[in-house]
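Peer 1: Dropping in target-v2.cif, with mmCIF, N, CA and C atoms and all ligand atoms.
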data_model
loop_
_atom_site.label_atom_id
_atom_site.label_comp_id
_atom_site.auth_asym_id
_atom_site.auth_seq_id
_atom_site.Cartn_x
_atom_site.Cartn_y
_atom_site.Cartn_z
N MET A 47 115.83 151.00 96.63
CA MET A 47 116.64 149.80 96.90
C MET A 47 117.50 149.49 95.68
N PHE A 48 118.77 149.26 95.92
CA PHE A 48 119.68 148.88 94.84
C PHE A 48 120.07 147.42 95.01
N GLU A 49 120.21 146.74 93.90
CA GLU A 49 120.69 145.36 93.92
C GLU A 49 121.86 145.23 92.95
N LEU A 50 122.92 144.58 93.41
CA LEU A 50 124.08 144.30 92.56
C LEU A 50 124.22 142.79 92.46
N THR A 51 124.53 142.32 91.26
CA THR A 51 124.73 140.89 91.06
C THR A 51 126.04 140.65 90.34
N VAL A 52 126.79 139.67 90.81
CA VAL A 52 127.96 139.20 90.07
C VAL A 52 127.79 137.70 89.83
N GLU A 53 128.40 137.25 88.75
CA GLU A 53 128.27 135.85 88.36
C GLU A 53 129.65 135.25 88.19
N THR A 54 129.78 134.01 88.59
CA THR A 54 131.02 133.27 88.38
C THR A 54 130.66 131.80 88.19
N SER A 55 131.66 130.95 88.11
CA SER A 55 131.37 129.53 87.91
C SER A 55 132.46 128.71 88.58
N PHE A 56 132.14 127.46 88.80
CA PHE A 56 133.14 126.53 89.31
C PHE A 56 132.82 125.13 88.81
N ALA A 57 133.85 124.31 88.79
CA ALA A 57 133.68 122.90 88.40
C ALA A 57 133.97 122.04 89.61
N ALA A 58 133.12 121.05 89.84
CA ALA A 58 133.33 120.17 90.99
C ALA A 58 132.58 118.86 90.77
N ALA A 59 132.96 117.90 91.59
CA ALA A 59 132.31 116.59 91.55
C ALA A 59 131.46 116.42 92.80
N HIS A 60 130.41 115.61 92.67
CA HIS A 60 129.62 115.24 93.85
C HIS A 60 128.86 113.96 93.53
N CYS A 61 128.31 113.37 94.57
CA CYS A 61 127.32 112.32 94.39
C CYS A 61 126.29 112.48 95.50
N LEU A 62 125.04 112.21 95.15
CA LEU A 62 123.94 112.42 96.09
C LEU A 62 123.53 111.06 96.61
N LYS A 63 124.08 110.73 97.76
CA LYS A 63 123.93 109.37 98.29
C LYS A 63 122.53 109.07 98.76
N GLY A 64 121.79 110.11 99.15
CA GLY A 64 120.45 109.88 99.67
C GLY A 64 119.38 109.87 98.60
N TYR A 65 119.77 109.79 97.36
CA TYR A 65 118.81 109.94 96.28
C TYR A 65 119.03 108.84 95.26
N PRO A 66 118.11 107.88 95.20
CA PRO A 66 118.31 106.74 94.31
C PRO A 66 118.08 107.10 92.84
N SER A 67 119.13 107.53 92.19
CA SER A 67 119.04 107.93 90.78
C SER A 67 120.47 107.95 90.25
N PRO A 68 120.65 108.26 88.96
CA PRO A 68 122.03 108.40 88.45
C PRO A 68 122.83 109.44 89.22
N CYS A 69 122.17 110.38 89.90
CA CYS A 69 122.88 111.39 90.69
C CYS A 69 123.60 110.77 91.89
N GLY A 70 123.28 109.53 92.21
CA GLY A 70 123.96 108.85 93.29
C GLY A 70 125.34 108.34 92.89
N ARG A 71 125.63 108.39 91.60
CA ARG A 71 126.97 108.00 91.14
C ARG A 71 127.85 109.24 91.05
N LEU A 72 129.13 109.03 91.25
CA LEU A 72 130.08 110.16 91.17
C LEU A 72 130.01 110.80 89.78
N HIS A 73 129.81 112.11 89.77
CA HIS A 73 129.77 112.85 88.51
C HIS A 73 130.10 114.32 88.80
N GLY A 74 130.21 115.11 87.77
CA GLY A 74 130.57 116.51 87.97
C GLY A 74 129.66 117.45 87.22
N HIS A 75 129.77 118.73 87.60
CA HIS A 75 129.04 119.79 86.93
C HIS A 75 129.96 120.99 86.78
N ASN A 76 129.61 121.83 85.84
CA ASN A 76 130.15 123.19 85.78
C ASN A 76 129.03 124.10 86.28
N TRP A 77 129.08 124.42 87.58
CA TRP A 77 128.03 125.23 88.18
C TRP A 77 128.26 126.70 87.88
N THR A 78 127.16 127.41 87.65
CA THR A 78 127.20 128.87 87.56
C THR A 78 126.58 129.43 88.83
N VAL A 79 127.22 130.43 89.40
CA VAL A 79 126.77 131.02 90.66
C VAL A 79 126.55 132.51 90.45
N ALA A 80 125.38 133.00 90.82
CA ALA A 80 125.11 134.44 90.80
C ALA A 80 124.75 134.88 92.22
N VAL A 81 125.43 135.91 92.69
CA VAL A 81 125.21 136.42 94.04
C VAL A 81 124.69 137.85 93.93
N THR A 82 123.57 138.11 94.60
CA THR A 82 122.97 139.44 94.59
C THR A 82 122.99 140.01 96.00
N VAL A 83 123.50 141.23 96.11
CA VAL A 83 123.43 141.95 97.39
C VAL A 83 122.54 143.18 97.18
N ALA A 84 121.99 143.67 98.27
CA ALA A 84 121.04 144.78 98.18
C ALA A 84 121.24 145.75 99.32
N GLY A 85 120.82 146.98 99.09
CA GLY A 85 120.88 148.00 100.13
C GLY A 85 120.32 149.30 99.58
N GLU A 86 120.07 150.21 100.47
CA GLU A 86 119.47 151.49 100.05
C GLU A 86 120.46 152.64 100.04
N ARG A 87 121.52 152.51 100.84
CA ARG A 87 122.42 153.64 101.02
C ARG A 87 123.66 153.49 100.14
N LEU A 88 123.94 154.53 99.36
CA LEU A 88 125.14 154.53 98.52
C LEU A 88 126.29 155.19 99.28
N ASN A 89 127.51 154.76 98.96
CA ASN A 89 128.67 155.36 99.60
C ASN A 89 129.01 156.70 98.93
N ASP A 90 130.09 157.30 99.39
CA ASP A 90 130.46 158.63 98.86
C ASP A 90 130.80 158.58 97.38
N ALA A 91 131.15 157.40 96.88
CA ALA A 91 131.47 157.23 95.46
C ALA A 91 130.21 156.96 94.63
N GLY A 92 129.04 156.93 95.29
CA GLY A 92 127.80 156.68 94.57
C GLY A 92 127.54 155.22 94.28
N MET A 93 128.19 154.34 95.08
CA MET A 93 128.03 152.90 94.87
C MET A 93 127.42 152.26 96.12
N LEU A 94 126.65 151.20 95.90
CA LEU A 94 126.23 150.37 97.03
C LEU A 94 127.46 149.67 97.60
N VAL A 95 128.22 149.05 96.71
CA VAL A 95 129.52 148.46 97.04
C VAL A 95 130.26 148.33 95.71
N ASP A 96 131.54 148.47 95.76
CA ASP A 96 132.34 148.33 94.54
C ASP A 96 132.15 146.90 93.99
N PHE A 97 131.85 146.77 92.71
CA PHE A 97 131.73 145.43 92.11
C PHE A 97 132.97 144.59 92.40
N LYS A 98 134.13 145.25 92.45
CA LYS A 98 135.37 144.53 92.71
C LYS A 98 135.34 143.84 94.07
N VAL A 99 134.80 144.53 95.08
CA VAL A 99 134.72 143.95 96.43
C VAL A 99 133.81 142.73 96.42
N LEU A 100 132.66 142.85 95.75
CA LEU A 100 131.72 141.73 95.69
C LEU A 100 132.31 140.57 94.90
N LYS A 101 132.95 140.88 93.78
CA LYS A 101 133.56 139.81 92.97
C LYS A 101 134.63 139.06 93.76
N GLU A 102 135.45 139.80 94.51
CA GLU A 102 136.51 139.14 95.28
C GLU A 102 135.93 138.25 96.37
N ALA A 103 134.88 138.73 97.04
CA ALA A 103 134.25 137.92 98.10
C ALA A 103 133.68 136.63 97.51
N VAL A 104 132.98 136.77 96.38
CA VAL A 104 132.37 135.59 95.75
C VAL A 104 133.45 134.66 95.22
N ARG A 105 134.48 135.23 94.64
CA ARG A 105 135.58 134.40 94.11
C ARG A 105 136.26 133.62 95.24
N ASP A 106 136.45 134.25 96.40
CA ASP A 106 137.04 133.56 97.55
C ASP A 106 136.20 132.36 97.96
N VAL A 107 134.89 132.59 98.07
CA VAL A 107 133.99 131.53 98.55
C VAL A 107 133.90 130.41 97.52
N VAL A 108 133.67 130.77 96.27
CA VAL A 108 133.49 129.76 95.22
C VAL A 108 134.82 129.05 94.95
N GLY A 109 135.92 129.76 95.14
CA GLY A 109 137.23 129.15 94.95
C GLY A 109 137.47 127.96 95.87
N GLU A 110 136.82 128.00 97.03
CA GLU A 110 136.96 126.87 97.97
C GLU A 110 136.22 125.63 97.48
N LEU A 111 135.30 125.81 96.52
CA LEU A 111 134.54 124.69 95.97
C LEU A 111 135.11 124.18 94.66
N ASP A 112 135.91 125.03 94.00
CA ASP A 112 136.33 124.72 92.64
C ASP A 112 137.29 123.52 92.61
N HIS A 113 137.01 122.62 91.68
CA HIS A 113 137.82 121.41 91.50
C HIS A 113 137.94 120.59 92.78
N GLN A 114 136.85 120.51 93.51
CA GLN A 114 136.79 119.70 94.72
C GLN A 114 135.79 118.56 94.52
N TYR A 115 135.95 117.55 95.38
CA TYR A 115 134.91 116.53 95.52
C TYR A 115 134.06 117.01 96.69
N LEU A 116 132.91 117.60 96.39
CA LEU A 116 132.16 118.36 97.40
C LEU A 116 131.78 117.51 98.61
N ASN A 117 131.50 116.23 98.40
CA ASN A 117 131.10 115.38 99.53
C ASN A 117 132.17 115.33 100.62
N GLU A 118 133.42 115.61 100.25
CA GLU A 118 134.50 115.51 101.23
C GLU A 118 134.77 116.81 101.97
N LEU A 119 134.12 117.90 101.59
CA LEU A 119 134.34 119.17 102.29
C LEU A 119 133.59 119.15 103.63
N PRO A 120 134.14 119.82 104.65
CA PRO A 120 133.54 119.75 105.99
C PRO A 120 132.05 120.07 106.02
N PHE A 121 131.62 121.11 105.30
CA PHE A 121 130.20 121.50 105.35
C PHE A 121 129.29 120.37 104.89
N PHE A 122 129.74 119.62 103.87
CA PHE A 122 128.89 118.59 103.30
C PHE A 122 129.13 117.21 103.93
N ARG A 123 130.14 117.12 104.74
CA ARG A 123 130.39 115.86 105.45
C ARG A 123 129.50 115.71 106.68
N THR A 124 128.90 116.83 107.10
CA THR A 124 128.12 116.81 108.34
C THR A 124 126.64 116.50 108.09
N GLY A 125 126.32 115.93 106.95
CA GLY A 125 124.96 115.49 106.71
C GLY A 125 124.23 116.26 105.63
N ALA A 126 124.76 117.41 105.22
CA ALA A 126 124.12 118.18 104.15
C ALA A 126 124.61 117.63 102.81
N GLU A 127 123.71 116.99 102.08
CA GLU A 127 124.09 116.48 100.76
C GLU A 127 124.49 117.66 99.87
N PRO A 128 125.49 117.48 99.02
CA PRO A 128 125.91 118.60 98.16
C PRO A 128 124.99 118.81 96.96
N THR A 129 123.72 119.03 97.26
CA THR A 129 122.75 119.39 96.22
C THR A 129 122.94 120.85 95.84
N ALA A 130 122.34 121.25 94.74
CA ALA A 130 122.40 122.67 94.36
C ALA A 130 121.82 123.53 95.48
N GLU A 131 120.76 123.01 96.15
CA GLU A 131 120.14 123.77 97.24
C GLU A 131 121.14 124.02 98.37
N ASN A 132 121.82 122.95 98.79
CA ASN A 132 122.76 123.10 99.91
C ASN A 132 124.01 123.86 99.50
N ILE A 133 124.41 123.75 98.23
CA ILE A 133 125.54 124.55 97.76
C ILE A 133 125.16 126.04 97.82
N ALA A 134 123.93 126.37 97.43
CA ALA A 134 123.48 127.77 97.49
C ALA A 134 123.47 128.27 98.93
N ARG A 135 123.01 127.42 99.85
CA ARG A 135 122.97 127.83 101.26
C ARG A 135 124.38 128.01 101.81
N TYR A 136 125.27 127.11 101.42
CA TYR A 136 126.68 127.23 101.85
C TYR A 136 127.26 128.55 101.34
N ILE A 137 127.04 128.86 100.07
CA ILE A 137 127.60 130.09 99.50
C ILE A 137 126.98 131.30 100.19
N TYR A 138 125.68 131.24 100.46
CA TYR A 138 125.04 132.35 101.17
C TYR A 138 125.72 132.60 102.52
N THR A 139 125.89 131.56 103.30
CA THR A 139 126.47 131.70 104.64
C THR A 139 127.88 132.29 104.57
N ALA A 140 128.66 131.79 103.63
CA ALA A 140 130.05 132.23 103.54
C ALA A 140 130.15 133.67 103.02
N VAL A 141 129.33 134.02 102.02
CA VAL A 141 129.36 135.40 101.51
C VAL A 141 128.82 136.36 102.56
N ALA A 142 127.73 135.98 103.23
CA ALA A 142 127.15 136.85 104.26
C ALA A 142 128.17 137.11 105.37
N ALA A 143 128.96 136.11 105.73
CA ALA A 143 129.98 136.31 106.76
C ALA A 143 131.00 137.34 106.30
N ARG A 144 131.35 137.29 105.03
CA ARG A 144 132.33 138.27 104.51
C ARG A 144 131.74 139.67 104.44
N PHE A 145 130.42 139.79 104.36
CA PHE A 145 129.80 141.11 104.31
C PHE A 145 129.26 141.56 105.67
N SER A 146 129.62 140.86 106.72
CA SER A 146 129.14 141.26 108.05
C SER A 146 129.71 142.62 108.45
N ALA A 147 130.80 143.02 107.83
CA ALA A 147 131.39 144.34 108.13
C ALA A 147 130.67 145.46 107.38
N TYR A 148 129.68 145.12 106.56
CA TYR A 148 128.93 146.12 105.79
C TYR A 148 127.46 146.09 106.27
N PRO A 149 127.15 146.80 107.35
CA PRO A 149 125.80 146.69 107.91
C PRO A 149 124.70 147.18 106.99
N ASP A 150 125.02 148.01 105.99
CA ASP A 150 123.99 148.53 105.09
C ASP A 150 123.74 147.62 103.90
N ILE A 151 124.46 146.49 103.83
CA ILE A 151 124.32 145.60 102.68
C ILE A 151 123.83 144.23 103.14
N GLN A 152 122.79 143.75 102.49
CA GLN A 152 122.28 142.41 102.77
C GLN A 152 122.57 141.50 101.56
N VAL A 153 122.94 140.28 101.84
CA VAL A 153 123.03 139.30 100.76
C VAL A 153 121.60 138.85 100.48
N ARG A 154 121.12 139.16 99.30
CA ARG A 154 119.71 139.00 98.97
C ARG A 154 119.39 137.63 98.38
N GLU A 155 120.30 137.14 97.51
CA GLU A 155 119.92 135.96 96.75
C GLU A 155 121.17 135.27 96.22
N ILE A 156 121.14 133.94 96.26
CA ILE A 156 122.20 133.13 95.67
C ILE A 156 121.53 132.23 94.63
N LYS A 157 122.02 132.28 93.42
CA LYS A 157 121.50 131.41 92.36
C LYS A 157 122.61 130.42 91.99
N VAL A 158 122.29 129.16 92.00
CA VAL A 158 123.24 128.12 91.63
C VAL A 158 122.61 127.31 90.51
N ALA A 159 123.26 127.30 89.35
CA ALA A 159 122.72 126.59 88.19
C ALA A 159 123.60 125.40 87.85
N GLU A 160 122.97 124.25 87.70
CA GLU A 160 123.70 123.06 87.25
C GLU A 160 123.82 123.04 85.73
N SER A 161 122.94 123.76 85.07
CA SER A 161 122.97 123.88 83.62
C SER A 161 122.20 125.15 83.28
N PRO A 162 122.25 125.58 82.02
CA PRO A 162 121.47 126.78 81.67
C PRO A 162 119.96 126.60 81.86
N ALA A 163 119.52 125.34 82.01
CA ALA A 163 118.09 125.09 82.10
C ALA A 163 117.64 124.61 83.47
N ALA A 164 118.55 124.58 84.46
CA ALA A 164 118.18 124.06 85.78
C ALA A 164 118.96 124.78 86.86
N TRP A 165 118.24 125.49 87.74
CA TRP A 165 118.92 126.24 88.80
C TRP A 165 118.05 126.32 90.04
N VAL A 166 118.75 126.70 91.12
CA VAL A 166 118.13 126.89 92.43
C VAL A 166 118.40 128.32 92.85
N VAL A 167 117.43 128.94 93.50
CA VAL A 167 117.64 130.25 94.10
C VAL A 167 117.40 130.12 95.60
N TYR A 168 118.37 130.61 96.39
CA TYR A 168 118.20 130.65 97.84
C TYR A 168 118.13 132.10 98.28
N ARG A 169 117.07 132.40 99.04
CA ARG A 169 116.93 133.73 99.65
C ARG A 169 116.76 133.52 101.15
N PRO A 170 117.53 134.23 101.96
CA PRO A 170 117.41 134.03 103.41
C PRO A 170 116.06 134.53 103.92
ZN ZN A 201 124.90 116.37 90.11
#
Take the structure I supplied and represent it as structure tokens, if you would.
Peer 2:
Amino acid sequence: MFELTVETSFAAAHCLKGYPSPCGRLHGHNWTVAVTVAGERLNDAGMLVDFKVLKEAVRDVVGELDHQYLNELPFFRTGAEPTAENIARYIYTAVAARFSAYPDIQVREIKVAESPAAWVVYRP
């Protein structure tokens, strides 16, 4: 089994309305996102997938979050608070959709860090 991981980051604002704490006030983070895909079969070039393809897919998805007020995006307006957990699930769904054309590759793990010392990992 091979696993490939790419990392990127985005800046955005959110507030967690369902949580009585300072997080309920409007504030922002510089989130770091790591996406890992996995598979057993290599292509003719000896790669699971070109890092460039994975980076572009992740950049597309994360770009939709960058410099946004997350609470106002459609995914988070429907009741999912923009917590690190739900951001990871959102990124998983969007990246997995982009890799649906690659049946030999599974999106294995999404890591979303609010700081170097605090992160969430989502695995389907
Ligand atoms: Zn926050």
Peer 1: Looking at only C-alpha atoms, which of A:Ser161, A:Ile156, A:Ala59, A:Val141 is the one that sits closest to Glu102 of chain A?
Peer 2: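 Selected residue with least distance to Glu102 of chain A: A:Val141.
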Peer 1: Dump the neighbourhood of ligand ZN 201 (chain A) as an MDAnalysis selection string: all residues within 12 Å, distances computed on only C-alpha atoms and all ligand atoms.
Peer 2: chainID A and resid 57:63 65 67:77 115:117 127:131 133 158:161 164:165
Peer 1: Would you please extract all helix (DSSP H, G or I) residues from chain A, as assigned by DSSP on the backbone, and give them as a ChimeraX atom specification?
Peer 2: /A:68-70,97-109,116-118,120-123,130-144
Peer 1: Between atom CA of Ile151 of chain A and atom CA of Tyr168 of chain A, measure the distance and give it in Å to one decimal.
Peer 2: 16.9 Å
Peer 1: Considering only C-alpha atoms, state which residue in the set A:Phe145, A:Pro66, A:Ser55, A:Asp90 is at the smallest distance from Leu111 of chain A.
Peer 2: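 Closest candidate: A:Ser55.
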Peer 1: Rank nothing, just name the residue among A:Val99, A:Val104, A:Val83, A:Leu94 nearest to Glu53 of chain A, using only C-alpha atoms.
Peer 2: A:Val104
Peer 1: Identify which of the residues A:Ala142, A:Phe122, A:Arg169, A:Val79 lies closest to Arg154 of chain A, counting only N, CA and C atoms when measuring atom-to-atom distances.
Peer 2: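 Once distances to Arg154 of chain A are computed over only N, CA and C atoms, the minimum belongs to A:Arg169.
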Peer 1: What is the distance between atom CA of Glu155 of chain A and atom C of Val167 of chain A, in Å to one decimal?
Peer 2: 6.5 Å
Peer 1: Calculate how many Å separate atom CA of Thr54 of chain A from atom CA of Leu119 of chain A, rounding to one decimal.
Peer 2: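 Taking atom CA of Thr54 of chain A as the start and atom CA of Leu119 of chain A as the end point, the length is 20.1 Å.
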Peer 1: Measuring between all atoms listed in the file, which one of A:Gly85, A:Gly92, A:Gly109, A:Pro120 shows the shortest distance to Gln152 of chain A?
Peer 2: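 The answer is A:Gly85, which sits nearest to Gln152 of chain A.
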Peer 1: Counting all atoms listed in the file, which of A:Thr124, A:Asp150, A:Glu86, A:Val107 gets nearest to Tyr136 of chain A?
Peer 2: A:Val107
Peer 1: Write down as a PyMOL selection string the residues belonging to chain A that are assigned strand (DSSP E) by DSSP computed on the backbone.
Peer 2: chain A and resi 48-60+73-85+152-161+164-168
